[in-house]
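Coordinates from my_file23.txt are shown below (compact mmCIF, C-alpha atoms and all ligand atoms).
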# COMPACT_ATOMS: atom_id res chain seq x y z
CA MET W 1 121.19 90.31 118.94
CA GLU W 2 124.33 92.33 119.43
CA LEU W 3 124.60 95.20 116.94
CA MET W 4 127.82 94.17 115.16
CA GLU W 5 126.52 90.62 114.90
CA ALA W 6 123.34 91.96 113.30
CA LEU W 7 125.38 94.04 110.86
CA ARG W 8 127.53 91.06 109.95
CA THR W 9 124.71 88.55 109.54
CA ARG W 10 122.06 90.68 107.76
CA ARG W 11 121.45 89.42 104.25
CA SER W 12 119.08 90.37 101.47
CA VAL W 13 116.30 87.79 101.74
CA ARG W 14 114.27 87.11 98.59
CA GLN W 15 112.24 84.03 99.54
CA TRP W 16 109.59 84.09 102.22
CA THR W 17 107.16 81.75 103.94
CA THR W 18 103.43 82.52 103.73
CA ASP W 19 103.25 83.41 107.45
CA PRO W 20 101.79 86.89 107.90
CA VAL W 21 103.82 89.52 109.75
CA PRO W 22 101.79 91.06 112.62
CA ASP W 23 100.91 94.73 112.16
CA GLU W 24 102.73 95.65 115.41
CA GLN W 25 105.94 94.26 113.95
CA LEU W 26 105.44 96.13 110.67
CA GLU W 27 104.85 99.31 112.62
CA GLU W 28 108.05 98.71 114.60
CA LEU W 29 109.99 98.46 111.34
CA VAL W 30 108.66 101.85 110.32
CA GLU W 31 109.52 103.21 113.76
CA ALA W 32 113.10 101.99 113.27
CA ALA W 33 113.26 103.70 109.87
CA ALA W 34 111.78 106.93 111.21
CA ARG W 35 114.41 107.04 113.98
CA ALA W 36 117.23 107.33 111.43
CA PRO W 37 119.32 110.50 111.35
CA SER W 38 118.20 113.02 108.73
CA GLY W 39 120.05 115.96 107.19
CA GLY W 40 118.97 119.13 109.09
CA ASN W 41 116.52 116.94 111.02
CA THR W 42 114.13 117.32 108.09
CA GLN W 43 112.74 113.78 108.52
CA PRO W 44 111.68 113.98 104.87
CA TRP W 45 110.03 110.58 104.70
CA ALA W 46 106.74 108.77 104.55
CA PHE W 47 106.28 105.01 104.61
CA VAL W 48 103.41 103.07 103.09
CA VAL W 49 103.02 99.47 104.30
CA ILE W 50 101.28 97.09 101.91
CA ARG W 51 100.14 93.69 103.19
CA ASP W 52 96.91 93.23 101.26
CA GLN W 53 97.38 90.17 99.02
CA ALA W 54 95.62 91.60 95.96
CA LYS W 55 97.66 94.81 96.16
CA LEU W 56 100.86 92.82 96.68
CA ARG W 57 100.17 90.84 93.48
CA ARG W 58 99.76 94.08 91.50
CA LEU W 59 102.84 95.51 93.15
CA ARG W 60 104.95 92.50 92.20
CA ALA W 61 103.87 92.89 88.58
CA ALA W 62 105.09 96.50 88.66
CA ALA W 63 108.34 95.74 90.48
CA PRO W 64 110.55 93.25 88.63
CA GLY W 65 113.13 93.66 91.40
CA ILE W 66 110.93 91.71 93.84
CA ALA W 67 112.12 88.16 93.30
CA GLY W 68 109.70 86.18 95.50
CA ARG W 69 106.28 86.47 97.11
CA ALA W 70 106.88 89.00 99.84
CA THR W 71 104.46 88.99 102.78
CA ALA W 72 104.61 92.75 102.98
CA VAL W 73 106.22 95.59 101.07
CA VAL W 74 107.08 98.99 102.50
CA LEU W 75 107.28 101.97 100.17
CA ILE W 76 109.87 104.50 101.26
CA CYS W 77 108.88 107.92 99.94
CA LEU W 78 110.40 111.38 99.93
CA ASP W 79 107.95 113.88 101.40
CA LYS W 80 108.47 116.95 99.20
CA GLN W 81 106.58 119.10 101.68
CA ARG W 82 109.53 118.61 104.04
CA ALA W 83 112.42 118.69 101.56
CA ASP W 84 111.75 119.68 97.97
CA VAL W 85 115.17 119.74 96.38
CA GLU W 86 116.52 120.00 92.86
CA PRO W 87 118.43 117.09 91.34
CA GLY W 88 122.16 117.80 91.22
CA THR W 89 122.23 119.93 94.38
CA ALA W 90 124.00 118.98 97.60
CA GLU W 91 120.62 118.93 99.36
CA TYR W 92 119.35 116.39 96.86
CA ASP W 93 122.26 114.08 97.68
CA MET W 94 121.60 114.65 101.39
CA VAL W 95 117.95 113.63 101.07
CA HIS W 96 118.95 110.40 99.40
CA MET W 97 121.53 109.62 102.08
CA THR W 98 118.83 110.27 104.66
CA LEU W 99 116.38 107.90 102.98
CA GLY W 100 119.19 105.34 102.68
CA ALA W 101 119.73 105.57 106.43
CA ALA W 102 116.01 104.97 106.99
CA MET W 103 116.14 101.96 104.66
CA GLN W 104 119.11 100.48 106.49
CA ASN W 105 117.44 100.94 109.89
CA MET W 106 114.41 99.08 108.53
CA LEU W 107 116.51 96.24 107.10
CA LEU W 108 118.38 95.82 110.38
CA ALA W 109 115.23 96.00 112.50
CA ALA W 110 113.68 93.31 110.28
CA HIS W 111 116.75 91.13 110.78
CA GLY W 112 116.58 91.71 114.53
CA GLN W 113 112.93 90.59 114.54
CA GLY W 114 113.80 87.34 112.74
CA LEU W 115 112.31 88.63 109.49
CA GLY W 116 114.13 88.75 106.17
CA ALA W 117 114.05 91.83 103.98
CA CYS W 118 115.41 93.10 100.70
CA ALA W 119 115.72 96.64 99.39
CA ILE W 120 114.15 96.92 95.95
CA GLY W 121 115.28 99.62 93.54
CA SER W 122 113.91 98.03 90.37
CA TYR W 123 110.25 99.03 89.84
CA HIS W 124 108.02 101.12 87.59
CA PRO W 125 107.32 104.26 89.65
CA ALA W 126 104.22 105.37 87.72
CA SER W 127 102.50 101.98 88.06
CA LEU W 128 103.29 101.79 91.76
CA ARG W 129 102.05 105.33 92.37
CA SER W 130 98.64 104.45 90.98
CA ILE W 131 98.39 101.11 92.81
CA VAL W 132 98.78 102.81 96.17
CA SER W 133 97.26 106.20 95.14
CA LEU W 134 100.29 108.20 96.25
CA PRO W 135 99.53 111.91 96.73
CA SER W 136 101.62 114.27 94.58
CA HIS W 137 103.84 115.49 97.44
CA LEU W 138 105.20 111.96 97.96
CA GLU W 139 107.90 110.68 95.62
CA LEU W 140 108.57 106.96 95.71
CA LYS W 141 112.25 106.28 96.25
CA LEU W 142 112.66 102.67 97.31
CA LEU W 143 110.77 99.54 98.31
CA VAL W 144 111.54 97.07 101.07
CA ALA W 145 110.11 93.59 100.51
CA LEU W 146 109.92 91.40 103.59
CA GLY W 147 108.50 88.43 105.40
CA TYR W 148 109.72 85.39 107.32
CA PRO W 149 112.76 83.95 105.54
CA VAL W 150 112.66 80.46 104.04
CA SER W 151 116.39 80.20 104.74
CA GLN W 152 119.37 82.37 105.54
CA PRO W 153 121.08 83.27 102.26
CA LYS W 154 124.85 82.93 101.92
CA ALA W 155 126.86 86.10 102.02
CA PRO W 156 127.69 87.52 98.58
CA PRO W 157 131.35 88.19 97.79
CA LEU W 158 132.34 91.01 100.10
CA ARG W 159 135.31 93.29 99.61
CA LEU W 160 138.11 92.98 102.15
CA LEU W 161 138.24 95.72 104.73
CA SER W 162 141.87 96.38 103.77
CA GLU W 163 140.67 97.30 100.26
CA VAL W 164 138.28 99.97 101.46
CA CYS W 165 139.56 101.20 104.83
CA TYR W 166 142.60 103.43 105.08
CA PHE W 167 144.29 105.15 107.98
CA GLU W 168 145.76 108.64 107.57
CA GLU W 169 146.01 108.41 103.77
CA VAL W 170 144.50 106.41 100.97
CA GLY W 171 146.58 103.31 100.35
CA SER W 172 147.81 103.11 103.94
CA ASN W 173 146.28 100.42 106.15
CA ARG W 174 146.19 100.30 109.96
CA ASP W 175 149.48 98.44 110.49
CA HIS W 176 151.62 100.66 108.26
C1 LIG W 201 119.38 100.74 96.85
C2 LIG W 201 119.32 99.23 96.69
C3 LIG W 201 118.51 98.69 95.69
C4 LIG W 201 118.40 97.30 95.57
N1 LIG W 201 117.55 96.78 94.62
C5 LIG W 201 117.36 95.44 94.55
C6 LIG W 201 116.39 94.90 93.66
O1 LIG W 201 115.70 95.60 92.92
N2 LIG W 201 116.22 93.55 93.65
C7 LIG W 201 116.96 92.71 94.48
O2 LIG W 201 116.74 91.50 94.44
N3 LIG W 201 117.89 93.20 95.33
C8 LIG W 201 118.11 94.55 95.40
N4 LIG W 201 119.02 95.07 96.31
C9 LIG W 201 119.78 94.17 97.20
C10 LIG W 201 121.24 94.04 96.77
O3 LIG W 201 121.32 93.24 95.60
C11 LIG W 201 122.04 93.40 97.93
O4 LIG W 201 122.03 94.30 99.02
C12 LIG W 201 123.50 93.09 97.56
O5 LIG W 201 123.56 92.09 96.58
C13 LIG W 201 124.32 92.66 98.77
O6 LIG W 201 123.73 91.53 99.40
P1 LIG W 201 123.34 91.58 100.95
O7 LIG W 201 122.26 92.63 101.10
O8 LIG W 201 122.87 90.20 101.28
O9 LIG W 201 124.58 91.96 101.71
C14 LIG W 201 119.14 96.45 96.44
C15 LIG W 201 119.95 97.01 97.43
C16 LIG W 201 120.03 98.38 97.57
C17 LIG W 201 120.87 98.96 98.69
Spit out the file's structure as structure tokens when you get a sec.
Amino acid sequence: MELMEALRTRRSVRQWTTDPVPDEQLEELVEAAARAPSGGNTQPWAFVVIRDQAKLRRLRAAAPGIAGRATAVVLICLDKQRADVEPGTAEYDMVHMTLGAAMQNMLLAAHGQGLGACAIGSYHPASLRSIVSLPSHLELKLLVALGYPVSQPKAPPLRLLSEVCYFEEVGSNRDH
């Protein structure tokens, strides 16, 4: 799939078939995420892939943001051994932009593989930590729920480019 086409057609998928996703494919999604740019090349991430059904059930109970029965869930974590930063600092913002880039790479790679994925920001961190026994240097930042899509969701309302893209000065579009 051509890159712009992938960017335009990616959607958050929240309903999945029961078909398992092969481990090689899951690993490729993590590879995509781990090839994202990172501030200062810190690569401050760790990814935990969950595809065990019993664990997934517990995970869903601790993550109200997961709407359907995902085939797999990837935990995107900040590795504080690589970037331990204070909230409110510029570095803290940078780490979150970096993890966002990793998330987006993963979402796009999933789309490219014919999978459907959804970023999940609504979860109970403490419950999830214990379900997957996260070591203390890893801080859970985001989940990605995924699997084979039941259908391709419709695009949500999207802002016009002319509302968000300016040339030379804010308020001035490309043509004038
Ligand atoms: C950081 C972040 C957190 C999100 N958390 C959730 C969530 O908890 N549950 C959910 O169903 N969707 C979640 N989403 C998906 C958004 O709702 C979705 O991206 C948005 O509605 C736009 O739709 P699209 O992804 O199809 O373009 C999240 C997206 C991002 C980027």
One-decimal distance in Å that lies between CA of Leu160 in chain W and CA of Leu108 in chain W: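 Spanning CA of Leu108 in chain W to CA of Leu160 in chain W is a straight-line distance of 21.6 Å.
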Please determine, counting only C-alpha atoms, which residue among W:Gly88, W:Leu7, W:Met106, W:Leu138 has the shortest atom-to-atom distance to Glu31 in chain W.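 Closest residue, counting only C-alpha atoms: W:Met106.
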Put a box with edges along x, y and z around all the listed atoms of ligand LIG 201 (chain W), pad it by 8 Å on each side, then give me its centre and sizes in Å, one decimal, as lines of an AutoDock Vina configuration file.
center_x = 120.1
center_y = 95.5
center_z = 97.3
size_x = 24.9
size_y = 26.5
size_z = 24.8
Could you check which of W:Val13, W:Leu146, W:Leu128, W:Leu140 is closest to Ala61 in chain W, using all atoms listed in the file?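 For Ala61 in chain W, the nearest of the given residues is W:Leu128.
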Set out as a Markdown table a contact list for range 46-128 of chain W and range 151-157 of chain W with a cut-off of 12 Å, giving each residue of range 46-128 of chain W that qualifies its closest atom pair and distance in Å to one decimal, counting all atoms listed in the file, ordered by chain and rising residue number.
| residue | atom | partner | partner_atom | distance |
| --- | --- | --- | --- | --- |
| W:His111 | CA | W:Gln152 | CA | 10.5 |
| W:Gly114 | CA | W:Gln152 | CA | 10.4 |
| W:Leu115 | CA | W:Gln152 | CA | 10.2 |
| W:Gly116 | CA | W:Gln152 | CA | 8.3 |
| W:Ala117 | CA | W:Gln152 | CA | 11.0 |
| W:Cys118 | CA | W:Pro153 | CA | 11.5 |
